[in-house]
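start.txt, holding compact mmCIF, all heavy atoms:
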# COMPACT_ATOMS: atom_id res chain seq x y z
N MET A 1465 14.11 7.93 1.33
CA MET A 1465 13.16 7.08 1.98
C MET A 1465 13.91 5.89 2.56
O MET A 1465 14.77 5.32 1.94
CB MET A 1465 12.11 6.62 0.96
CG MET A 1465 11.10 5.68 1.52
SD MET A 1465 9.96 5.00 0.31
CE MET A 1465 9.05 6.42 -0.17
N SER A 1466 13.57 5.56 3.74
CA SER A 1466 14.16 4.40 4.39
C SER A 1466 13.83 3.14 3.60
O SER A 1466 12.71 2.96 3.15
CB SER A 1466 13.61 4.33 5.82
OG SER A 1466 13.38 3.03 6.24
N GLY A 1467 14.83 2.30 3.45
CA GLY A 1467 14.63 1.06 2.68
C GLY A 1467 13.54 0.19 3.26
O GLY A 1467 12.76 -0.42 2.54
N THR A 1468 13.48 0.13 4.58
CA THR A 1468 12.48 -0.70 5.24
C THR A 1468 11.07 -0.19 4.97
O THR A 1468 10.17 -0.95 4.62
CB THR A 1468 12.72 -0.73 6.76
OG1 THR A 1468 14.05 -1.20 6.99
CG2 THR A 1468 11.73 -1.63 7.46
N GLU A 1469 10.88 1.10 5.14
CA GLU A 1469 9.55 1.69 4.92
C GLU A 1469 9.15 1.60 3.46
O GLU A 1469 7.99 1.36 3.14
CB GLU A 1469 9.52 3.14 5.39
CG GLU A 1469 9.61 3.29 6.90
CD GLU A 1469 8.46 2.61 7.63
OE1 GLU A 1469 7.30 2.78 7.23
OE2 GLU A 1469 8.75 1.90 8.60
N LYS A 1470 10.12 1.79 2.57
CA LYS A 1470 9.84 1.69 1.14
C LYS A 1470 9.38 0.27 0.80
O LYS A 1470 8.41 0.08 0.08
CB LYS A 1470 11.09 2.04 0.34
CG LYS A 1470 10.89 2.08 -1.14
CD LYS A 1470 12.17 2.53 -1.83
CE LYS A 1470 11.97 2.66 -3.31
NZ LYS A 1470 13.17 3.13 -3.99
N SER A 1471 10.07 -0.71 1.36
CA SER A 1471 9.69 -2.11 1.12
C SER A 1471 8.30 -2.41 1.66
O SER A 1471 7.50 -3.08 1.00
CB SER A 1471 10.69 -3.05 1.77
OG SER A 1471 11.95 -2.92 1.17
N LYS A 1472 8.02 -1.92 2.86
CA LYS A 1472 6.70 -2.15 3.46
C LYS A 1472 5.60 -1.55 2.59
O LYS A 1472 4.54 -2.16 2.40
CB LYS A 1472 6.63 -1.55 4.86
CG LYS A 1472 7.38 -2.33 5.90
CD LYS A 1472 7.25 -1.65 7.25
CE LYS A 1472 8.06 -2.35 8.32
NZ LYS A 1472 7.95 -1.65 9.62
N ALA A 1473 5.85 -0.35 2.07
CA ALA A 1473 4.85 0.31 1.23
C ALA A 1473 4.60 -0.49 -0.04
O ALA A 1473 3.44 -0.69 -0.44
CB ALA A 1473 5.30 1.73 0.89
N HIS A 1474 5.66 -0.97 -0.67
CA HIS A 1474 5.50 -1.75 -1.89
C HIS A 1474 4.81 -3.08 -1.63
O HIS A 1474 3.95 -3.50 -2.41
CB HIS A 1474 6.85 -1.98 -2.56
CG HIS A 1474 7.40 -0.77 -3.24
ND1 HIS A 1474 6.82 -0.22 -4.37
CD2 HIS A 1474 8.46 0.01 -2.95
CE1 HIS A 1474 7.51 0.84 -4.73
NE2 HIS A 1474 8.50 1.02 -3.88
N VAL A 1475 5.19 -3.75 -0.55
CA VAL A 1475 4.57 -5.03 -0.22
C VAL A 1475 3.09 -4.85 0.07
O VAL A 1475 2.25 -5.63 -0.40
CB VAL A 1475 5.29 -5.69 0.98
CG1 VAL A 1475 4.49 -6.84 1.55
CG2 VAL A 1475 6.68 -6.15 0.58
N GLU A 1476 2.76 -3.83 0.83
CA GLU A 1476 1.36 -3.59 1.19
C GLU A 1476 0.52 -3.29 -0.06
O GLU A 1476 -0.59 -3.80 -0.21
CB GLU A 1476 1.28 -2.43 2.18
CG GLU A 1476 0.00 -2.37 2.95
CD GLU A 1476 0.14 -1.58 4.23
OE1 GLU A 1476 0.90 -0.60 4.26
OE2 GLU A 1476 -0.52 -1.96 5.20
N THR A 1477 1.08 -2.49 -0.96
CA THR A 1477 0.37 -2.16 -2.18
C THR A 1477 0.18 -3.40 -3.06
O THR A 1477 -0.91 -3.66 -3.57
CB THR A 1477 1.12 -1.06 -2.96
OG1 THR A 1477 1.26 0.08 -2.11
CG2 THR A 1477 0.37 -0.65 -4.21
N ALA A 1478 1.24 -4.19 -3.21
CA ALA A 1478 1.16 -5.39 -4.03
C ALA A 1478 0.18 -6.40 -3.43
O ALA A 1478 -0.62 -7.01 -4.15
CB ALA A 1478 2.54 -6.02 -4.17
N LYS A 1479 0.24 -6.56 -2.10
CA LYS A 1479 -0.67 -7.48 -1.42
C LYS A 1479 -2.12 -7.04 -1.66
O LYS A 1479 -3.00 -7.87 -1.92
CB LYS A 1479 -0.37 -7.50 0.07
CG LYS A 1479 -1.32 -8.34 0.88
CD LYS A 1479 -1.01 -8.22 2.37
CE LYS A 1479 -2.14 -8.77 3.18
NZ LYS A 1479 -2.77 -7.80 4.04
N GLY A 1480 -2.35 -5.74 -1.59
CA GLY A 1480 -3.69 -5.22 -1.82
C GLY A 1480 -4.18 -5.48 -3.23
O GLY A 1480 -5.35 -5.83 -3.44
N LYS A 1481 -3.29 -5.34 -4.22
CA LYS A 1481 -3.68 -5.59 -5.61
C LYS A 1481 -4.05 -7.05 -5.80
O LYS A 1481 -5.05 -7.36 -6.46
CB LYS A 1481 -2.54 -5.21 -6.56
CG LYS A 1481 -2.38 -3.72 -6.72
CD LYS A 1481 -1.26 -3.39 -7.68
CE LYS A 1481 -1.09 -1.88 -7.76
NZ LYS A 1481 -0.04 -1.50 -8.72
N VAL A 1482 -3.26 -7.94 -5.23
CA VAL A 1482 -3.55 -9.37 -5.35
C VAL A 1482 -4.88 -9.70 -4.67
O VAL A 1482 -5.73 -10.40 -5.23
CB VAL A 1482 -2.40 -10.22 -4.76
CG1 VAL A 1482 -2.81 -11.68 -4.63
CG2 VAL A 1482 -1.15 -10.07 -5.60
N GLU A 1483 -5.05 -9.18 -3.47
CA GLU A 1483 -6.28 -9.46 -2.72
C GLU A 1483 -7.51 -8.93 -3.45
O GLU A 1483 -8.54 -9.61 -3.52
CB GLU A 1483 -6.18 -8.84 -1.32
CG GLU A 1483 -7.25 -9.28 -0.37
CD GLU A 1483 -7.02 -8.80 1.05
OE1 GLU A 1483 -6.21 -7.87 1.27
OE2 GLU A 1483 -7.65 -9.36 1.94
N GLU A 1484 -7.39 -7.75 -4.03
CA GLU A 1484 -8.52 -7.19 -4.77
C GLU A 1484 -8.83 -8.04 -6.00
O GLU A 1484 -10.00 -8.35 -6.27
CB GLU A 1484 -8.21 -5.76 -5.21
CG GLU A 1484 -9.34 -5.13 -6.01
CD GLU A 1484 -9.03 -3.75 -6.52
OE1 GLU A 1484 -7.87 -3.30 -6.45
OE2 GLU A 1484 -9.97 -3.10 -7.00
N THR A 1485 -7.80 -8.46 -6.71
CA THR A 1485 -7.99 -9.27 -7.91
C THR A 1485 -8.63 -10.61 -7.58
O THR A 1485 -9.58 -11.05 -8.25
CB THR A 1485 -6.64 -9.50 -8.62
OG1 THR A 1485 -6.08 -8.22 -8.95
CG2 THR A 1485 -6.80 -10.32 -9.88
N VAL A 1486 -8.14 -11.27 -6.54
CA VAL A 1486 -8.70 -12.56 -6.13
C VAL A 1486 -10.15 -12.37 -5.67
O VAL A 1486 -11.03 -13.16 -6.01
CB VAL A 1486 -7.85 -13.21 -5.02
CG1 VAL A 1486 -8.55 -14.41 -4.42
CG2 VAL A 1486 -6.49 -13.61 -5.57
N GLY A 1487 -10.39 -11.32 -4.90
CA GLY A 1487 -11.75 -11.05 -4.43
C GLY A 1487 -12.73 -10.86 -5.57
O GLY A 1487 -13.84 -11.39 -5.54
N ARG A 1488 -12.29 -10.14 -6.60
CA ARG A 1488 -13.17 -9.93 -7.75
C ARG A 1488 -13.37 -11.24 -8.51
O ARG A 1488 -14.47 -11.52 -9.00
CB ARG A 1488 -12.59 -8.88 -8.68
CG ARG A 1488 -12.73 -7.49 -8.16
CD ARG A 1488 -12.24 -6.48 -9.15
NE ARG A 1488 -12.36 -5.14 -8.59
CZ ARG A 1488 -12.23 -4.06 -9.29
NH1 ARG A 1488 -11.94 -4.12 -10.58
NH2 ARG A 1488 -12.37 -2.88 -8.72
N ALA A 1489 -12.30 -12.03 -8.64
CA ALA A 1489 -12.38 -13.28 -9.40
C ALA A 1489 -13.35 -14.27 -8.76
O ALA A 1489 -14.06 -14.99 -9.47
CB ALA A 1489 -10.99 -13.91 -9.51
N VAL A 1490 -13.37 -14.31 -7.44
CA VAL A 1490 -14.27 -15.26 -6.77
C VAL A 1490 -15.60 -14.63 -6.38
O VAL A 1490 -16.45 -15.28 -5.78
CB VAL A 1490 -13.60 -15.90 -5.52
CG1 VAL A 1490 -12.37 -16.69 -5.92
CG2 VAL A 1490 -13.28 -14.88 -4.46
N GLY A 1491 -15.77 -13.35 -6.69
CA GLY A 1491 -17.03 -12.69 -6.39
C GLY A 1491 -17.19 -12.27 -4.94
O GLY A 1491 -18.30 -12.11 -4.46
N ASN A 1492 -16.08 -12.11 -4.25
CA ASN A 1492 -16.11 -11.72 -2.84
C ASN A 1492 -15.81 -10.22 -2.73
O ASN A 1492 -14.66 -9.81 -2.74
CB ASN A 1492 -15.08 -12.55 -2.06
CG ASN A 1492 -15.16 -12.33 -0.58
OD1 ASN A 1492 -15.62 -11.30 -0.11
ND2 ASN A 1492 -14.68 -13.30 0.18
N GLU A 1493 -16.85 -9.42 -2.64
CA GLU A 1493 -16.69 -7.96 -2.61
C GLU A 1493 -15.96 -7.51 -1.36
O GLU A 1493 -15.21 -6.53 -1.39
CB GLU A 1493 -18.04 -7.26 -2.74
CG GLU A 1493 -17.95 -5.76 -2.83
CD GLU A 1493 -17.05 -5.23 -3.95
OE1 GLU A 1493 -17.02 -5.83 -5.05
OE2 GLU A 1493 -16.35 -4.22 -3.73
N ARG A 1494 -16.16 -8.20 -0.25
CA ARG A 1494 -15.47 -7.81 0.99
C ARG A 1494 -13.96 -7.95 0.81
O ARG A 1494 -13.19 -7.07 1.22
CB ARG A 1494 -15.96 -8.67 2.14
CG ARG A 1494 -15.29 -8.32 3.45
CD ARG A 1494 -15.84 -9.14 4.59
NE ARG A 1494 -15.08 -8.88 5.80
CZ ARG A 1494 -14.98 -9.70 6.80
NH1 ARG A 1494 -15.64 -10.86 6.76
NH2 ARG A 1494 -14.28 -9.40 7.84
N MET A 1495 -13.50 -9.05 0.21
CA MET A 1495 -12.08 -9.26 0.00
C MET A 1495 -11.53 -8.20 -0.96
O MET A 1495 -10.44 -7.67 -0.75
CB MET A 1495 -11.81 -10.66 -0.57
CG MET A 1495 -10.34 -10.95 -0.79
SD MET A 1495 -10.06 -12.56 -1.56
CE MET A 1495 -10.23 -13.62 -0.13
N ALA A 1496 -12.29 -7.89 -1.99
CA ALA A 1496 -11.87 -6.87 -2.95
C ALA A 1496 -11.74 -5.51 -2.26
O ALA A 1496 -10.79 -4.77 -2.49
CB ALA A 1496 -12.85 -6.79 -4.12
N ALA A 1497 -12.68 -5.21 -1.38
CA ALA A 1497 -12.63 -3.93 -0.65
C ALA A 1497 -11.43 -3.88 0.30
O ALA A 1497 -10.77 -2.85 0.42
CB ALA A 1497 -13.92 -3.72 0.13
N GLU A 1498 -11.15 -5.00 0.95
CA GLU A 1498 -9.97 -5.05 1.83
C GLU A 1498 -8.70 -4.86 1.02
O GLU A 1498 -7.75 -4.21 1.47
CB GLU A 1498 -9.93 -6.38 2.58
CG GLU A 1498 -10.97 -6.48 3.67
CD GLU A 1498 -11.03 -7.86 4.31
OE1 GLU A 1498 -10.27 -8.76 3.91
OE2 GLU A 1498 -11.85 -8.04 5.23
N GLY A 1499 -8.67 -5.40 -0.19
CA GLY A 1499 -7.52 -5.22 -1.06
C GLY A 1499 -7.33 -3.77 -1.44
O GLY A 1499 -6.20 -3.24 -1.44
N ARG A 1500 -8.44 -3.10 -1.75
CA ARG A 1500 -8.34 -1.67 -2.08
C ARG A 1500 -7.87 -0.87 -0.88
O ARG A 1500 -7.08 0.07 -1.01
CB ARG A 1500 -9.70 -1.16 -2.58
CG ARG A 1500 -10.04 -1.64 -3.97
CD ARG A 1500 -11.27 -0.96 -4.55
NE ARG A 1500 -12.49 -1.21 -3.79
CZ ARG A 1500 -13.30 -2.25 -3.97
NH1 ARG A 1500 -13.02 -3.15 -4.90
NH2 ARG A 1500 -14.39 -2.38 -3.26
N ALA A 1501 -8.31 -1.26 0.32
CA ALA A 1501 -7.88 -0.57 1.54
C ALA A 1501 -6.38 -0.77 1.77
O ALA A 1501 -5.67 0.18 2.14
CB ALA A 1501 -8.67 -1.08 2.74
N ASP A 1502 -5.89 -1.98 1.55
CA ASP A 1502 -4.45 -2.24 1.70
C ASP A 1502 -3.64 -1.42 0.70
O ASP A 1502 -2.58 -0.90 1.03
CB ASP A 1502 -4.14 -3.73 1.51
CG ASP A 1502 -4.55 -4.57 2.71
OD1 ASP A 1502 -4.77 -3.99 3.79
OD2 ASP A 1502 -4.63 -5.81 2.55
N GLN A 1503 -4.15 -1.30 -0.51
CA GLN A 1503 -3.46 -0.49 -1.51
C GLN A 1503 -3.40 0.97 -1.06
O GLN A 1503 -2.36 1.62 -1.18
CB GLN A 1503 -4.20 -0.56 -2.85
CG GLN A 1503 -4.04 -1.88 -3.56
CD GLN A 1503 -4.79 -1.89 -4.87
OE1 GLN A 1503 -4.48 -1.10 -5.75
NE2 GLN A 1503 -5.78 -2.75 -4.97
N ALA A 1504 -4.49 1.47 -0.53
CA ALA A 1504 -4.52 2.86 -0.06
C ALA A 1504 -3.54 3.07 1.08
O ALA A 1504 -2.85 4.10 1.14
CB ALA A 1504 -5.93 3.23 0.37
N LYS A 1505 -3.44 2.09 2.00
CA LYS A 1505 -2.50 2.22 3.11
C LYS A 1505 -1.06 2.23 2.59
O LYS A 1505 -0.23 3.00 3.06
CB LYS A 1505 -2.67 1.08 4.12
CG LYS A 1505 -3.91 1.22 4.97
CD LYS A 1505 -3.92 0.28 6.16
CE LYS A 1505 -3.92 -1.16 5.76
NZ LYS A 1505 -4.10 -2.09 6.88
N GLY A 1506 -0.77 1.38 1.62
CA GLY A 1506 0.56 1.35 1.04
C GLY A 1506 0.90 2.65 0.35
O GLY A 1506 2.02 3.18 0.48
N GLN A 1507 -0.05 3.20 -0.37
CA GLN A 1507 0.17 4.47 -1.06
C GLN A 1507 0.34 5.62 -0.07
O GLN A 1507 1.16 6.52 -0.26
CB GLN A 1507 -0.98 4.75 -2.03
CG GLN A 1507 -0.98 3.80 -3.20
CD GLN A 1507 -2.26 3.86 -4.01
OE1 GLN A 1507 -3.24 4.47 -3.62
NE2 GLN A 1507 -2.26 3.18 -5.15
N ALA A 1508 -0.41 5.57 1.03
CA ALA A 1508 -0.28 6.61 2.06
C ALA A 1508 1.08 6.53 2.73
O ALA A 1508 1.72 7.55 2.99
CB ALA A 1508 -1.39 6.47 3.10
N ARG A 1509 1.54 5.31 3.00
CA ARG A 1509 2.86 5.13 3.61
C ARG A 1509 3.94 5.68 2.68
O ARG A 1509 4.88 6.34 3.10
CB ARG A 1509 3.11 3.65 3.91
CG ARG A 1509 4.41 3.39 4.63
CD ARG A 1509 4.69 1.91 4.76
NE ARG A 1509 3.63 1.15 5.39
CZ ARG A 1509 3.72 0.61 6.60
NH1 ARG A 1509 4.81 0.72 7.29
NH2 ARG A 1509 2.71 -0.06 7.09
N HIS A 1510 3.79 5.40 1.38
CA HIS A 1510 4.76 5.88 0.40
C HIS A 1510 4.75 7.41 0.35
O HIS A 1510 5.81 8.04 0.32
CB HIS A 1510 4.42 5.30 -0.98
CG HIS A 1510 5.54 5.35 -1.94
ND1 HIS A 1510 5.92 6.49 -2.58
CD2 HIS A 1510 6.39 4.38 -2.36
CE1 HIS A 1510 6.93 6.23 -3.37
NE2 HIS A 1510 7.24 4.95 -3.25
N ALA A 1511 3.57 8.01 0.36
CA ALA A 1511 3.46 9.47 0.34
C ALA A 1511 4.07 10.09 1.58
O ALA A 1511 4.76 11.12 1.50
CB ALA A 1511 1.99 9.88 0.22
N LYS A 1512 3.87 9.46 2.73
CA LYS A 1512 4.45 9.96 3.98
C LYS A 1512 5.97 9.98 3.89
O LYS A 1512 6.62 10.95 4.28
CB LYS A 1512 4.01 9.08 5.15
CG LYS A 1512 4.61 9.49 6.49
CD LYS A 1512 4.21 8.52 7.59
CE LYS A 1512 5.17 7.35 7.55
NZ LYS A 1512 5.07 6.45 8.69
N GLU A 1513 6.54 8.92 3.34
CA GLU A 1513 7.99 8.85 3.22
C GLU A 1513 8.50 9.88 2.20
O GLU A 1513 9.58 10.44 2.37
CB GLU A 1513 8.42 7.44 2.82
CG GLU A 1513 8.21 6.43 3.92
CD GLU A 1513 8.95 6.78 5.21
OE1 GLU A 1513 10.13 7.15 5.15
OE2 GLU A 1513 8.33 6.67 6.28
N ASP A 1514 7.73 10.14 1.15
CA ASP A 1514 8.13 11.17 0.19
C ASP A 1514 8.18 12.55 0.84
O ASP A 1514 9.08 13.34 0.57
CB ASP A 1514 7.15 11.21 -1.00
CG ASP A 1514 7.36 10.03 -1.95
OD1 ASP A 1514 8.41 9.36 -1.88
OD2 ASP A 1514 6.45 9.79 -2.77
N VAL A 1515 7.22 12.83 1.72
CA VAL A 1515 7.21 14.11 2.43
C VAL A 1515 8.42 14.20 3.36
O VAL A 1515 9.10 15.23 3.40
CB VAL A 1515 5.91 14.28 3.23
CG1 VAL A 1515 5.98 15.46 4.19
CG2 VAL A 1515 4.72 14.44 2.29
N LYS A 1516 8.73 13.12 4.04
CA LYS A 1516 9.91 13.11 4.92
C LYS A 1516 11.17 13.37 4.11
O LYS A 1516 12.05 14.13 4.54
CB LYS A 1516 10.03 11.77 5.65
CG LYS A 1516 9.03 11.57 6.77
CD LYS A 1516 9.01 10.12 7.16
CE LYS A 1516 9.56 9.78 8.47
NZ LYS A 1516 9.47 8.35 8.78
N ASP A 1517 11.27 12.75 2.92
CA ASP A 1517 12.43 12.96 2.07
C ASP A 1517 12.54 14.41 1.62
O ASP A 1517 13.63 14.96 1.54
CB ASP A 1517 12.36 12.05 0.84
CG ASP A 1517 12.72 10.61 1.14
OD1 ASP A 1517 13.27 10.35 2.23
OD2 ASP A 1517 12.45 9.74 0.28
N ALA A 1518 11.42 15.03 1.33
CA ALA A 1518 11.42 16.42 0.87
C ALA A 1518 11.98 17.34 1.95
O ALA A 1518 12.68 18.31 1.64
CB ALA A 1518 10.01 16.85 0.48
N PHE A 1519 11.70 17.05 3.20
CA PHE A 1519 12.19 17.90 4.29
C PHE A 1519 13.65 17.64 4.60
O PHE A 1519 14.32 18.47 5.20
CB PHE A 1519 11.33 17.75 5.54
CG PHE A 1519 10.04 18.51 5.44
CD1 PHE A 1519 8.84 17.84 5.27
CD2 PHE A 1519 10.02 19.89 5.53
CE1 PHE A 1519 7.64 18.53 5.18
CE2 PHE A 1519 8.84 20.60 5.41
CZ PHE A 1519 7.64 19.92 5.24
N ARG A 1520 14.14 16.48 4.24
CA ARG A 1520 15.55 16.16 4.49
C ARG A 1520 16.48 16.88 3.52
O ARG A 1520 17.64 17.07 3.80
CB ARG A 1520 15.78 14.66 4.36
CG ARG A 1520 15.22 13.90 5.53
CD ARG A 1520 15.60 12.43 5.42
NE ARG A 1520 14.82 11.68 6.37
CZ ARG A 1520 14.36 10.47 6.19
NH1 ARG A 1520 14.63 9.84 5.07
NH2 ARG A 1520 13.63 9.87 7.11
N HIS A 1521 15.97 17.26 2.35
CA HIS A 1521 16.81 17.88 1.33
C HIS A 1521 16.68 19.35 1.34
O HIS A 1521 16.21 20.16 1.68
CB HIS A 1521 16.46 17.35 -0.06
CG HIS A 1521 16.73 15.90 -0.18
ND1 HIS A 1521 17.93 15.42 -0.62
CD2 HIS A 1521 15.99 14.80 0.11
CE1 HIS A 1521 17.91 14.10 -0.62
NE2 HIS A 1521 16.71 13.70 -0.19
Once you've parsed the file, please lay out its structure as C-alpha cells.
Amino acid sequence: MSGTEKSKAHVETAKGKVEETVGRAVGNERMAAEGRADQAKGQARHAKEDVKDAFRH
C-alpha cells in the first residue's frame, strides 16, 4: 500500500471517530453521522489499497 494512501485512510478514519464522538457528546446527530461517514470512507480507501496490494503480489 502506498504510504500516502495509507496515511490518508488512517487520518480519515481517525477524524471520523473523533467527529462521531464529539457529535454524540454534544447531542448533534448530524455531526455524529458525518463522523460515521468519514470512517466508512477511510475504511473503503484502506480496502481499495488492500485489493491493489493483492494484485501486485
query: Excluding same-chain residues fewer than 5 positions from range 1465-1474 of chain A, what lies within 4 Å of it counting all atoms listed in the file, as a PyMOL selection string?
result: chain A and resi 1506+1509-1510+1513-1514+1517
- line: As a check of understanding: the span from CA of Gly1499 in chain A to CA of Lys1481 in chain A is 6.0 Å
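You will find atom C of Asp1502 in chain A at 5.8 Å from OG1 of Thr1477 in chain A.
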Polymer residues at most 12 Å from Gly1480 in chain A, only C-alpha atoms, same-chain spacing of 5 or more positions, as a compact mmCIF listing (two decimals) with all heavy atoms, in the frame of the given file:
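Output contents, as saved in selection-v1.txt:
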# COMPACT_ATOMS: atom_id res chain seq x y z
N ALA A 1473 5.85 -0.35 2.07
CA ALA A 1473 4.85 0.31 1.23
C ALA A 1473 4.60 -0.49 -0.04
O ALA A 1473 3.44 -0.69 -0.44
CB ALA A 1473 5.30 1.73 0.89
N HIS A 1474 5.66 -0.97 -0.67
CA HIS A 1474 5.50 -1.75 -1.89
C HIS A 1474 4.81 -3.08 -1.63
O HIS A 1474 3.95 -3.50 -2.41
CB HIS A 1474 6.85 -1.98 -2.56
CG HIS A 1474 7.40 -0.77 -3.24
ND1 HIS A 1474 6.82 -0.22 -4.37
CD2 HIS A 1474 8.46 0.01 -2.95
CE1 HIS A 1474 7.51 0.84 -4.73
NE2 HIS A 1474 8.50 1.02 -3.88
N VAL A 1475 5.19 -3.75 -0.55
CA VAL A 1475 4.57 -5.03 -0.22
C VAL A 1475 3.09 -4.85 0.07
O VAL A 1475 2.25 -5.63 -0.40
CB VAL A 1475 5.29 -5.69 0.98
CG1 VAL A 1475 4.49 -6.84 1.55
CG2 VAL A 1475 6.68 -6.15 0.58
N THR A 1485 -7.80 -8.46 -6.71
CA THR A 1485 -7.99 -9.27 -7.91
C THR A 1485 -8.63 -10.61 -7.58
O THR A 1485 -9.58 -11.05 -8.25
CB THR A 1485 -6.64 -9.50 -8.62
OG1 THR A 1485 -6.08 -8.22 -8.95
CG2 THR A 1485 -6.80 -10.32 -9.88
N VAL A 1486 -8.14 -11.27 -6.54
CA VAL A 1486 -8.70 -12.56 -6.13
C VAL A 1486 -10.15 -12.37 -5.67
O VAL A 1486 -11.03 -13.16 -6.01
CB VAL A 1486 -7.85 -13.21 -5.02
CG1 VAL A 1486 -8.55 -14.41 -4.42
CG2 VAL A 1486 -6.49 -13.61 -5.57
N GLY A 1487 -10.39 -11.32 -4.90
CA GLY A 1487 -11.75 -11.05 -4.43
C GLY A 1487 -12.73 -10.86 -5.57
O GLY A 1487 -13.84 -11.39 -5.54
N MET A 1495 -13.50 -9.05 0.21
CA MET A 1495 -12.08 -9.26 0.00
C MET A 1495 -11.53 -8.20 -0.96
O MET A 1495 -10.44 -7.67 -0.75
CB MET A 1495 -11.81 -10.66 -0.57
CG MET A 1495 -10.34 -10.95 -0.79
SD MET A 1495 -10.06 -12.56 -1.56
CE MET A 1495 -10.23 -13.62 -0.13
N ALA A 1496 -12.29 -7.89 -1.99
CA ALA A 1496 -11.87 -6.87 -2.95
C ALA A 1496 -11.74 -5.51 -2.26
O ALA A 1496 -10.79 -4.77 -2.49
CB ALA A 1496 -12.85 -6.79 -4.12
N ALA A 1497 -12.68 -5.21 -1.38
CA ALA A 1497 -12.63 -3.93 -0.65
C ALA A 1497 -11.43 -3.88 0.30
O ALA A 1497 -10.77 -2.85 0.42
CB ALA A 1497 -13.92 -3.72 0.13
N GLU A 1498 -11.15 -5.00 0.95
CA GLU A 1498 -9.97 -5.05 1.83
C GLU A 1498 -8.70 -4.86 1.02
O GLU A 1498 -7.75 -4.21 1.47
CB GLU A 1498 -9.93 -6.38 2.58
CG GLU A 1498 -10.97 -6.48 3.67
CD GLU A 1498 -11.03 -7.86 4.31
OE1 GLU A 1498 -10.27 -8.76 3.91
OE2 GLU A 1498 -11.85 -8.04 5.23
N GLY A 1499 -8.67 -5.40 -0.19
CA GLY A 1499 -7.52 -5.22 -1.06
C GLY A 1499 -7.33 -3.77 -1.44
O GLY A 1499 -6.20 -3.24 -1.44
N ARG A 1500 -8.44 -3.10 -1.75
CA ARG A 1500 -8.34 -1.67 -2.08
C ARG A 1500 -7.87 -0.87 -0.88
O ARG A 1500 -7.08 0.07 -1.01
CB ARG A 1500 -9.70 -1.16 -2.58
CG ARG A 1500 -10.04 -1.64 -3.97
CD ARG A 1500 -11.27 -0.96 -4.55
NE ARG A 1500 -12.49 -1.21 -3.79
CZ ARG A 1500 -13.30 -2.25 -3.97
NH1 ARG A 1500 -13.02 -3.15 -4.90
NH2 ARG A 1500 -14.39 -2.38 -3.26
N ALA A 1501 -8.31 -1.26 0.32
CA ALA A 1501 -7.88 -0.57 1.54
C ALA A 1501 -6.38 -0.77 1.77
O ALA A 1501 -5.67 0.18 2.14
CB ALA A 1501 -8.67 -1.08 2.74
N ASP A 1502 -5.89 -1.98 1.55
CA ASP A 1502 -4.45 -2.24 1.70
C ASP A 1502 -3.64 -1.42 0.70
O ASP A 1502 -2.58 -0.90 1.03
CB ASP A 1502 -4.14 -3.73 1.51
CG ASP A 1502 -4.55 -4.57 2.71
OD1 ASP A 1502 -4.77 -3.99 3.79
OD2 ASP A 1502 -4.63 -5.81 2.55
N GLN A 1503 -4.15 -1.30 -0.51
CA GLN A 1503 -3.46 -0.49 -1.51
C GLN A 1503 -3.40 0.97 -1.06
O GLN A 1503 -2.36 1.62 -1.18
CB GLN A 1503 -4.20 -0.56 -2.85
CG GLN A 1503 -4.04 -1.88 -3.56
CD GLN A 1503 -4.79 -1.89 -4.87
OE1 GLN A 1503 -4.48 -1.10 -5.75
NE2 GLN A 1503 -5.78 -2.75 -4.97
N ALA A 1504 -4.49 1.47 -0.53
CA ALA A 1504 -4.52 2.86 -0.06
C ALA A 1504 -3.54 3.07 1.08
O ALA A 1504 -2.85 4.10 1.14
CB ALA A 1504 -5.93 3.23 0.37
N LYS A 1505 -3.44 2.09 2.00
CA LYS A 1505 -2.50 2.22 3.11
C LYS A 1505 -1.06 2.23 2.59
O LYS A 1505 -0.23 3.00 3.06
CB LYS A 1505 -2.67 1.08 4.12
CG LYS A 1505 -3.91 1.22 4.97
CD LYS A 1505 -3.92 0.28 6.16
CE LYS A 1505 -3.92 -1.16 5.76
NZ LYS A 1505 -4.10 -2.09 6.88
N GLY A 1506 -0.77 1.38 1.62
CA GLY A 1506 0.56 1.35 1.04
C GLY A 1506 0.90 2.65 0.35
O GLY A 1506 2.02 3.18 0.48
N GLN A 1507 -0.05 3.20 -0.37
CA GLN A 1507 0.17 4.47 -1.06
C GLN A 1507 0.34 5.62 -0.07
O GLN A 1507 1.16 6.52 -0.26
CB GLN A 1507 -0.98 4.75 -2.03
CG GLN A 1507 -0.98 3.80 -3.20
CD GLN A 1507 -2.26 3.86 -4.01
OE1 GLN A 1507 -3.24 4.47 -3.62
NE2 GLN A 1507 -2.26 3.18 -5.15
